[in-house]
$ cat work_14.pdb   # PDB, C-alpha atoms, pLDDT in the B column
ATOM      1  CA  MET A  90     -19.749  -7.981  27.174  1.00 92.00           C
ATOM      2  CA  LEU A  91     -22.139 -10.064  29.252  1.00 93.00           C
ATOM      3  CA  ARG A  92     -25.040  -7.693  28.691  1.00 92.00           C
ATOM      4  CA  ASN A  93     -24.374  -7.579  24.939  1.00 93.00           C
ATOM      5  CA  ALA A  94     -24.283 -11.401  24.899  1.00 93.00           C
ATOM      6  CA  GLY A  95     -27.689 -11.541  26.603  1.00 91.00           C
ATOM      7  CA  VAL A  96     -26.407 -12.799  29.954  1.00 93.00           C
ATOM      8  CA  GLU A  97     -28.490 -11.422  32.817  1.00 90.00           C
ATOM      9  CA  HIS A  98     -26.228 -10.365  35.679  1.00 92.00           C
ATOM     10  CA  ASP A  99     -25.586  -7.917  38.492  1.00 89.00           C
ATOM     11  CA  ALA A 100     -22.163  -6.293  38.668  1.00 90.00           C
ATOM     12  CA  ILE A 101     -20.710  -6.400  42.186  1.00 89.00           C
ATOM     13  CA  ALA A 102     -17.201  -5.196  42.996  1.00 89.00           C
ATOM     14  CA  SER A 103     -14.979  -7.688  44.784  1.00 91.00           C
ATOM     15  CA  ALA A 104     -12.939  -6.993  47.891  1.00 88.00           C
ATOM     16  CA  VAL A 105      -9.706  -8.665  46.804  1.00 91.00           C
ATOM     17  CA  ASP A 106      -6.205  -7.508  47.689  1.00 89.00           C
ATOM     18  CA  GLU A 107      -4.757  -8.001  44.210  1.00 88.00           C
ATOM     19  CA  ASN A 108      -1.250  -6.912  45.239  1.00 87.00           C
ATOM     20  CA  SER A 109      -0.812  -9.796  47.686  1.00 90.00           C
ATOM     21  CA  ILE A 110      -1.877 -12.286  44.994  1.00 92.00           C
ATOM     22  CA  LYS A 111       0.362 -10.646  42.383  1.00 89.00           C
ATOM     23  CA  ALA A 112       3.352 -10.820  44.722  1.00 88.00           C
ATOM     24  CA  ALA A 113       3.040 -14.614  44.854  1.00 87.00           C
ATOM     25  CA  HIS A 114       3.091 -15.204  41.070  1.00 86.00           C
ATOM     26  CA  SER A 115       5.510 -14.746  38.214  1.00 86.00           C
ATOM     27  CA  ASP A 116       3.408 -16.603  35.612  1.00 92.00           C
ATOM     28  CA  ALA A 117       0.715 -14.490  33.922  1.00 93.00           C
ATOM     29  CA  ARG A 118      -1.621 -17.417  33.210  1.00 95.00           C
ATOM     30  CA  GLU A 119      -1.548 -18.724  36.798  1.00 95.00           C
ATOM     31  CA  LEU A 120      -1.940 -15.185  38.119  1.00 96.00           C
ATOM     32  CA  THR A 121      -4.982 -14.310  35.991  1.00 96.00           C
ATOM     33  CA  VAL A 122      -6.713 -17.586  36.890  1.00 97.00           C
ATOM     34  CA  GLU A 123      -6.098 -16.993  40.590  1.00 96.00           C
ATOM     35  CA  LEU A 124      -7.229 -13.360  40.428  1.00 97.00           C
ATOM     36  CA  ALA A 125     -10.423 -14.273  38.534  1.00 97.00           C
ATOM     37  CA  ALA A 126     -11.221 -16.996  41.073  1.00 97.00           C
ATOM     38  CA  ALA A 127     -10.401 -14.769  44.058  1.00 96.00           C
ATOM     39  CA  LYS A 128     -12.711 -12.034  42.766  1.00 96.00           C
ATOM     40  CA  ALA A 129     -15.566 -14.483  42.193  1.00 97.00           C
ATOM     41  CA  LEU A 130     -15.035 -16.132  45.590  1.00 96.00           C
ATOM     42  CA  SER A 131     -15.053 -12.722  47.275  1.00 95.00           C
ATOM     43  CA  VAL A 132     -18.434 -11.863  45.753  1.00 95.00           C
ATOM     44  CA  SER A 133     -19.829 -15.350  46.401  1.00 94.00           C
ATOM     45  CA  ARG A 134     -19.439 -14.732  50.141  1.00 92.00           C
ATOM     46  CA  ILE A 135     -22.067 -12.003  49.750  1.00 90.00           C
ATOM     47  CA  THR A 136     -24.331 -14.102  47.500  1.00 89.00           C
ATOM     48  CA  PRO A 137     -23.577 -17.739  48.461  1.00 88.00           C
ATOM     49  CA  ASP A 138     -26.401 -19.310  46.431  1.00 91.00           C
ATOM     50  CA  ALA A 139     -25.671 -17.429  43.224  1.00 94.00           C
ATOM     51  CA  TRP A 140     -23.378 -18.379  40.369  1.00 97.00           C
ATOM     52  CA  VAL A 141     -20.607 -15.754  40.296  1.00 97.00           C
ATOM     53  CA  ILE A 142     -18.325 -14.855  37.401  1.00 97.00           C
ATOM     54  CA  GLY A 143     -14.922 -13.334  38.063  1.00 97.00           C
ATOM     55  CA  SER A 144     -12.403 -12.218  35.479  1.00 96.00           C
ATOM     56  CA  ASP A 145      -9.060 -10.510  35.175  1.00 96.00           C
ATOM     57  CA  SER A 146      -6.377  -9.681  32.626  1.00 95.00           C
ATOM     58  CA  ILE A 147      -2.627  -9.273  32.739  1.00 96.00           C
ATOM     59  CA  VAL A 148      -0.333  -7.702  30.142  1.00 97.00           C
ATOM     60  CA  SER A 149       3.241  -8.943  29.794  1.00 97.00           C
ATOM     61  CA  VAL A 150       5.923  -7.456  27.581  1.00 98.00           C
ATOM     62  CA  ASP A 151       9.453  -8.868  27.501  1.00 97.00           C
ATOM     63  CA  GLY A 152       8.624 -10.982  30.564  1.00 93.00           C
ATOM     64  CA  ARG A 153       7.524  -7.973  32.645  1.00 95.00           C
ATOM     65  CA  MET A 154       3.942  -7.895  33.931  1.00 95.00           C
ATOM     66  CA  PHE A 155       2.178  -4.550  33.941  1.00 95.00           C
ATOM     67  CA  ASP A 156      -0.475  -3.092  36.238  1.00 89.00           C
ATOM     68  CA  LYS A 157      -2.977  -0.440  35.247  1.00 93.00           C
ATOM     69  CA  PRO A 158      -1.229   2.934  34.981  1.00 96.00           C
ATOM     70  CA  VAL A 159      -1.835   5.243  37.925  1.00 95.00           C
ATOM     71  CA  SER A 160      -1.321   8.492  36.009  1.00 97.00           C
ATOM     72  CA  TRP A 161      -1.074   9.986  32.526  1.00 98.00           C
ATOM     73  CA  ASP A 162       2.741   9.948  32.875  1.00 98.00           C
ATOM     74  CA  ALA A 163       2.776   6.284  33.931  1.00 97.00           C
ATOM     75  CA  ALA A 164       0.558   5.451  30.944  1.00 98.00           C
ATOM     76  CA  ALA A 165       3.008   7.239  28.641  1.00 98.00           C
ATOM     77  CA  GLU A 166       5.883   5.228  30.140  1.00 98.00           C
ATOM     78  CA  HIS A 167       3.973   1.991  29.544  1.00 98.00           C
ATOM     79  CA  LEU A 168       3.325   2.933  25.928  1.00 98.00           C
ATOM     80  CA  ARG A 169       7.002   3.834  25.393  1.00 98.00           C
ATOM     81  CA  PHE A 170       7.967   0.408  26.769  1.00 98.00           C
ATOM     82  CA  PHE A 171       5.374  -1.376  24.584  1.00 98.00           C
ATOM     83  CA  SER A 172       6.416   0.481  21.406  1.00 98.00           C
ATOM     84  CA  GLY A 173       7.627  -1.890  18.690  1.00 98.00           C
ATOM     85  CA  LYS A 174       7.205  -4.981  20.870  1.00 98.00           C
ATOM     86  CA  SER A 175       4.830  -7.913  21.221  1.00 98.00           C
ATOM     87  CA  MET A 176       2.395  -7.717  24.108  1.00 98.00           C
ATOM     88  CA  GLN A 177       0.996 -10.876  25.682  1.00 98.00           C
ATOM     89  CA  LEU A 178      -2.483 -10.234  27.045  1.00 97.00           C
ATOM     90  CA  THR A 179      -3.769 -13.057  29.224  1.00 97.00           C
ATOM     91  CA  SER A 180      -7.414 -13.009  30.299  1.00 97.00           C
ATOM     92  CA  ALA A 181      -9.059 -15.480  32.650  1.00 98.00           C
ATOM     93  CA  VAL A 182     -12.579 -16.145  33.835  1.00 98.00           C
ATOM     94  CA  ALA A 183     -13.823 -18.225  36.761  1.00 98.00           C
ATOM     95  CA  LEU A 184     -17.271 -19.515  37.616  1.00 98.00           C
ATOM     96  CA  VAL A 185     -17.962 -19.959  41.330  1.00 97.00           C
ATOM     97  CA  ARG A 186     -20.903 -21.121  43.406  1.00 95.00           C
ATOM     98  CA  GLY A 187     -20.818 -21.076  47.174  1.00 89.00           C
ATOM     99  CA  SER A 188     -17.204 -21.326  48.198  1.00 89.00           C
ATOM    100  CA  GLU A 189     -16.151 -23.570  45.308  1.00 95.00           C
ATOM    101  CA  VAL A 190     -14.550 -22.740  41.985  1.00 97.00           C
ATOM    102  CA  ASP A 191     -16.619 -24.797  39.568  1.00 98.00           C
ATOM    103  CA  TRP A 192     -14.806 -23.857  36.348  1.00 98.00           C
ATOM    104  CA  ASN A 193     -12.089 -21.555  35.036  1.00 98.00           C
ATOM    105  CA  HIS A 194     -10.441 -20.791  31.736  1.00 98.00           C
ATOM    106  CA  ALA A 195      -7.549 -18.605  30.547  1.00 98.00           C
ATOM    107  CA  GLU A 196      -6.443 -17.533  27.078  1.00 98.00           C
ATOM    108  CA  THR A 197      -3.572 -15.443  25.788  1.00 98.00           C
ATOM    109  CA  ALA A 198      -3.603 -13.121  22.799  1.00 98.00           C
ATOM    110  CA  THR A 199      -0.512 -11.589  21.237  1.00 98.00           C
ATOM    111  CA  LEU A 200      -0.771  -7.964  20.198  1.00 98.00           C
ATOM    112  CA  HIS A 201       2.045  -6.569  18.089  1.00 98.00           C
ATOM    113  CA  VAL A 202       2.491  -2.915  19.027  1.00 98.00           C
ATOM    114  CA  ARG A 203       3.720  -0.703  16.202  1.00 98.00           C
ATOM    115  CA  ALA A 204       6.503   1.836  16.764  1.00 98.00           C
ATOM    116  CA  LEU A 205       4.856   4.725  18.607  1.00 98.00           C
ATOM    117  CA  SER A 206       6.135   8.286  18.282  1.00 98.00           C
ATOM    118  CA  GLU A 207       6.175  10.654  21.249  1.00 98.00           C
ATOM    119  CA  GLU A 208       3.660  12.824  19.382  1.00 98.00           C
ATOM    120  CA  PHE A 209       1.301   9.884  18.904  1.00 98.00           C
ATOM    121  CA  ILE A 210       1.584   8.839  22.559  1.00 98.00           C
ATOM    122  CA  ALA A 211       0.783  12.366  23.777  1.00 98.00           C
ATOM    123  CA  SER A 212      -2.101  12.819  21.325  1.00 98.00           C
ATOM    124  CA  TYR A 213      -3.495   9.365  22.111  1.00 98.00           C
ATOM    125  CA  LEU A 214      -3.407   9.878  25.878  1.00 98.00           C
ATOM    126  CA  ASP A 215      -4.836  13.393  25.594  1.00 98.00           C
ATOM    127  CA  ALA A 216      -7.823  11.860  23.784  1.00 97.00           C
ATOM    128  CA  GLU A 217      -8.186   8.630  25.792  1.00 97.00           C
ATOM    129  CA  TRP A 218      -7.137   9.541  29.350  1.00 97.00           C
ATOM    130  CA  PRO A 219      -8.509   8.858  31.966  1.00 96.00           C
ATOM    131  CA  GLU A 220     -10.590   6.023  30.451  1.00 96.00           C
ATOM    132  CA  VAL A 221      -7.523   3.942  29.482  1.00 97.00           C
ATOM    133  CA  GLY A 222      -6.218   4.311  33.028  1.00 96.00           C
ATOM    134  CA  SER A 223      -8.526   1.469  34.008  1.00 93.00           C
ATOM    135  CA  CYS A 224      -7.131  -0.735  31.221  1.00 93.00           C
ATOM    136  CA  VAL A 225      -4.099  -2.874  31.947  1.00 91.00           C
ATOM    137  CA  GLY A 226      -2.661  -2.421  28.440  1.00 95.00           C
ATOM    138  CA  VAL A 227      -3.516   1.300  28.278  1.00 97.00           C
ATOM    139  CA  PHE A 228      -5.955   0.723  25.425  1.00 97.00           C
ATOM    140  CA  ARG A 229      -9.562   0.068  24.600  1.00 95.00           C
ATOM    141  CA  MET A 230      -9.679  -2.048  21.446  1.00 93.00           C
ATOM    142  CA  GLU A 231     -13.172  -0.768  20.692  1.00 89.00           C
ATOM    143  CA  GLY A 232     -11.784   2.805  20.648  1.00 91.00           C
ATOM    144  CA  ARG A 233      -8.619   4.554  19.496  1.00 96.00           C
ATOM    145  CA  GLY A 234      -6.530   1.857  21.139  1.00 97.00           C
ATOM    146  CA  VAL A 235      -6.772  -0.203  17.962  1.00 97.00           C
ATOM    147  CA  GLN A 236      -4.309   2.304  16.461  1.00 97.00           C
ATOM    148  CA  LEU A 237      -1.541   0.968  18.724  1.00 98.00           C
ATOM    149  CA  PHE A 238      -1.253  -2.314  16.861  1.00 98.00           C
ATOM    150  CA  GLU A 239       0.163  -3.706  13.639  1.00 98.00           C
ATOM    151  CA  ARG A 240      -1.355  -7.133  14.155  1.00 97.00           C
ATOM    152  CA  VAL A 241      -3.396  -9.033  16.724  1.00 97.00           C
ATOM    153  CA  GLU A 242      -3.316 -12.808  17.184  1.00 98.00           C
ATOM    154  CA  GLY A 243      -5.983 -14.303  19.384  1.00 97.00           C
ATOM    155  CA  ASN A 244      -9.599 -14.103  20.348  1.00 96.00           C
ATOM    156  CA  TYR A 245     -11.218 -10.661  20.255  1.00 95.00           C
ATOM    157  CA  PHE A 246     -13.092 -11.219  23.526  1.00 96.00           C
ATOM    158  CA  THR A 247      -9.874 -12.279  25.253  1.00 96.00           C
ATOM    159  CA  VAL A 248      -8.379  -8.966  24.151  1.00 95.00           C
ATOM    160  CA  LEU A 249     -11.430  -7.158  25.543  1.00 93.00           C
ATOM    161  CA  GLY A 250     -10.751  -8.810  28.916  1.00 92.00           C
ATOM    162  CA  MET A 251     -12.691 -12.066  29.197  1.00 96.00           C
ATOM    163  CA  PRO A 252     -12.710 -15.368  27.269  1.00 97.00           C
ATOM    164  CA  LEU A 253     -16.421 -14.956  26.559  1.00 97.00           C
ATOM    165  CA  ILE A 254     -17.057 -17.867  24.168  1.00 97.00           C
ATOM    166  CA  PRO A 255     -15.754 -20.541  26.609  1.00 98.00           C
ATOM    167  CA  LEU A 256     -17.704 -18.858  29.439  1.00 98.00           C
ATOM    168  CA  LEU A 257     -20.943 -18.989  27.449  1.00 98.00           C
ATOM    169  CA  GLY A 258     -20.334 -22.711  26.865  1.00 98.00           C
ATOM    170  CA  ALA A 259     -19.769 -23.289  30.583  1.00 98.00           C
ATOM    171  CA  LEU A 260     -22.982 -21.396  31.400  1.00 97.00           C
ATOM    172  CA  ARG A 261     -24.942 -23.537  28.901  1.00 97.00           C
ATOM    173  CA  GLU A 262     -23.436 -26.753  30.339  1.00 97.00           C
ATOM    174  CA  ARG A 263     -24.732 -25.750  33.768  1.00 97.00           C
ATOM    175  CA  GLY A 264     -28.217 -24.907  32.451  1.00 96.00           C
ATOM    176  CA  LEU A 265     -27.726 -21.189  33.116  1.00 95.00           C
ATOM    177  CA  LEU A 266     -28.238 -20.309  29.435  1.00 96.00           C
ATOM    178  CA  LEU A 267     -30.427 -22.025  26.878  1.00 95.00           C
ATOM    179  CA  ALA A 268     -28.606 -24.702  24.879  1.00 90.00           C
TER     180      ALA A 268
END

$ encode --input "work_14.pdb" --output "structure tokens"
Amino acid sequence: MLRNAGVEHDAIASAVDENSIKAAHSDARELTVELAAAKALSVSRITPDAWVIGSDSIVSVDGRMFDKPVSWDAAAEHLRFFSGKSMQLTSAVALVRGSEVDWNHAETATLHVRALSEEFIASYLDAEWPEVGSCVGVFRMEGRGVQLFERVEGNYFTVLGMPLIPLLGALRERGLLLA
């Protein structure tokens, strides 16, 4: 997303223990904001003078938060649970410099999952696995994952995993992008 938006950046993996942060939160919005900030802070320790962007997403269905599936079978179980229900996808982004969180933002989109047959789930995962294993909602909206939904309410970039429009505004406010 950043590259397509013309934002020069280096991608650096963070060293964050997500499970310990997840254990301390039951609210998806608070959790995504904290995870995004923790990831950015982790990378900023390596590059203390750089502006660092961190982001994360959480999927909730019927009040239950989901992690990325660890296997094809786990992905199928997630999809069975999502079938016919509304999914809340919360994405957050944080902007850090040094050891300080300068800015953060979170948004939630609601994705209405259609009723999914066992045949569809198997066919979908056969075509999309293992790529969707790295996606918290077991879908890539820019791929076959769009077939999971009847309706989507919310910002497209939030669904893709980062509230991009607010981030671009924050980068312009800080003189990091042309106004």

$ atom_distance --input "work_14.pdb" --atom1 "CA of Gly234 (chain A)" --atom2 "CA of Val221 (chain A)"
8.7 Å

$ atom_distance --input "work_14.pdb" --atom1 "CA of Glu107 (chain A)" --atom2 "CA of Val132 (chain A)"
14.3 Å

$ residues_around --input "work_14.pdb" --residues "region 186-199 of chain A" --least-positions-apart "4" --cutoff "6 Å" --atoms "only C-alpha atoms" --output "PyMOL selection string"
chain A and resi 133+137-138+140+176-182+241-243

$ closest_atom_pairs --input "work_14.pdb" --of "region 91-133 of chain A" --to "region 252-266 of chain A" --cutoff "9 Å" --atoms "all atoms listed in the file" --output "CSV"
residue,atom,partner,partner_atom,distance
A:Leu91,CA,A:Leu253,CA,8.0
A:Ala94,CA,A:Leu257,CA,8.7
A:Val96,CA,A:Leu266,CA,7.7

$ closest_atom_pairs --input "work_14.pdb" --of "region 132-205 of chain A" --to "region 224-231 of chain A" --cutoff "12 Å" --atoms "all atoms listed in the file" --output "JSON lines"
{"residue": "A:Asp145", "atom": "CA", "partner": "A:Val225", "partner_atom": "CA", "distance": 9.7}
{"residue": "A:Ser146", "atom": "CA", "partner": "A:Val225", "partner_atom": "CA", "distance": 7.2}
{"residue": "A:Ile147", "atom": "CA", "partner": "A:Val225", "partner_atom": "CA", "distance": 6.6}
{"residue": "A:Val148", "atom": "CA", "partner": "A:Gly226", "partner_atom": "CA", "distance": 6.0}
{"residue": "A:Ser149", "atom": "CA", "partner": "A:Gly226", "partner_atom": "CA", "distance": 8.9}
{"residue": "A:Val150", "atom": "CA", "partner": "A:Gly226", "partner_atom": "CA", "distance": 10.0}
{"residue": "A:Met154", "atom": "CA", "partner": "A:Val225", "partner_atom": "CA", "distance": 9.7}
{"residue": "A:Phe155", "atom": "CA", "partner": "A:Val225", "partner_atom": "CA", "distance": 6.8}
{"residue": "A:Asp156", "atom": "CA", "partner": "A:Val225", "partner_atom": "CA", "distance": 5.6}
{"residue": "A:Lys157", "atom": "CA", "partner": "A:Val225", "partner_atom": "CA", "distance": 4.3}
{"residue": "A:Pro158", "atom": "CA", "partner": "A:Val225", "partner_atom": "CA", "distance": 7.2}
{"residue": "A:Val159", "atom": "CA", "partner": "A:Val225", "partner_atom": "CA", "distance": 10.3}
{"residue": "A:Ser160", "atom": "CA", "partner": "A:Val227", "partner_atom": "CA", "distance": 10.8}
{"residue": "A:Trp161", "atom": "CA", "partner": "A:Val227", "partner_atom": "CA", "distance": 10.0}
{"residue": "A:Asp162", "atom": "CA", "partner": "A:Val227", "partner_atom": "CA", "distance": 11.6}
{"residue": "A:Ala163", "atom": "CA", "partner": "A:Val227", "partner_atom": "CA", "distance": 9.8}
{"residue": "A:Ala164", "atom": "CA", "partner": "A:Val227", "partner_atom": "CA", "distance": 6.4}
{"residue": "A:Ala165", "atom": "CA", "partner": "A:Val227", "partner_atom": "CA", "distance": 8.8}
{"residue": "A:Glu166", "atom": "CA", "partner": "A:Val227", "partner_atom": "CA", "distance": 10.4}
{"residue": "A:His167", "atom": "CA", "partner": "A:Val227", "partner_atom": "CA", "distance": 7.6}
{"residue": "A:Leu168", "atom": "CA", "partner": "A:Val227", "partner_atom": "CA", "distance": 7.4}
{"residue": "A:Arg169", "atom": "CA", "partner": "A:Val227", "partner_atom": "CA", "distance": 11.2}
{"residue": "A:Phe170", "atom": "CA", "partner": "A:Gly226", "partner_atom": "CA", "distance": 11.1}
{"residue": "A:Phe171", "atom": "CA", "partner": "A:Gly226", "partner_atom": "CA", "distance": 9.0}
{"residue": "A:Ser172", "atom": "CA", "partner": "A:Gly226", "partner_atom": "CA", "distance": 11.8}
{"residue": "A:Ser175", "atom": "CA", "partner": "A:Gly226", "partner_atom": "CA", "distance": 11.8}
{"residue": "A:Met176", "atom": "CA", "partner": "A:Gly226", "partner_atom": "CA", "distance": 8.5}
{"residue": "A:Gln177", "atom": "CA", "partner": "A:Gly226", "partner_atom": "CA", "distance": 9.6}
{"residue": "A:Leu178", "atom": "CA", "partner": "A:Gly226", "partner_atom": "CA", "distance": 7.9}
{"residue": "A:Thr179", "atom": "CA", "partner": "A:Val225", "partner_atom": "CA", "distance": 10.5}
{"residue": "A:Ser180", "atom": "CA", "partner": "A:Val225", "partner_atom": "CA", "distance": 10.8}
{"residue": "A:Thr199", "atom": "CA", "partner": "A:Gly226", "partner_atom": "CA", "distance": 11.9}
{"residue": "A:Leu200", "atom": "CA", "partner": "A:Gly226", "partner_atom": "CA", "distance": 10.1}
{"residue": "A:Val202", "atom": "CA", "partner": "A:Gly226", "partner_atom": "CA", "distance": 10.7}

$ closest_residue --input "work_14.pdb" --among "A:Gly250, A:Arg92, A:Leu267, A:Arg118" --to "Ser223 (chain A)" --atoms "only C-alpha atoms"
A:Gly250

$ atom_distance --input "work_14.pdb" --atom1 "CA of Arg233 (chain A)" --atom2 "CA of Gly173 (chain A)"
17.5 Å

$ residues_around --input "work_14.pdb" --residues "Ile110 (chain A)" --least-positions-apart "5" --cutoff "12 Å" --atoms "all atoms listed in the file" --output "VMD selection string"
chain A and resid 105 115 to 117 119 to 128

$ write_last_selection --input "work_14.pdb" --atoms "C-alpha atoms" --output "PDB file, in the frame of the given file"
ATOM      1  CA  VAL A 105      -9.706  -8.665  46.804  1.00 91.00           C
ATOM      2  CA  SER A 115       5.510 -14.746  38.214  1.00 86.00           C
ATOM      3  CA  ASP A 116       3.408 -16.603  35.612  1.00 92.00           C
ATOM      4  CA  ALA A 117       0.715 -14.490  33.922  1.00 93.00           C
ATOM      5  CA  GLU A 119      -1.548 -18.724  36.798  1.00 95.00           C
ATOM      6  CA  LEU A 120      -1.940 -15.185  38.119  1.00 96.00           C
ATOM      7  CA  THR A 121      -4.982 -14.310  35.991  1.00 96.00           C
ATOM      8  CA  VAL A 122      -6.713 -17.586  36.890  1.00 97.00           C
ATOM      9  CA  GLU A 123      -6.098 -16.993  40.590  1.00 96.00           C
ATOM     10  CA  LEU A 124      -7.229 -13.360  40.428  1.00 97.00           C
ATOM     11  CA  ALA A 125     -10.423 -14.273  38.534  1.00 97.00           C
ATOM     12  CA  ALA A 126     -11.221 -16.996  41.073  1.00 97.00           C
ATOM     13  CA  ALA A 127     -10.401 -14.769  44.058  1.00 96.00           C
ATOM     14  CA  LYS A 128     -12.711 -12.034  42.766  1.00 96.00           C
TER      15      LYS A 128
END

$ closest_residue --input "work_14.pdb" --among "A:His201, A:Arg134, A:His114, A:Lys174" --to "Asp151 (chain A)" --atoms "only C-alpha atoms"
A:Lys174
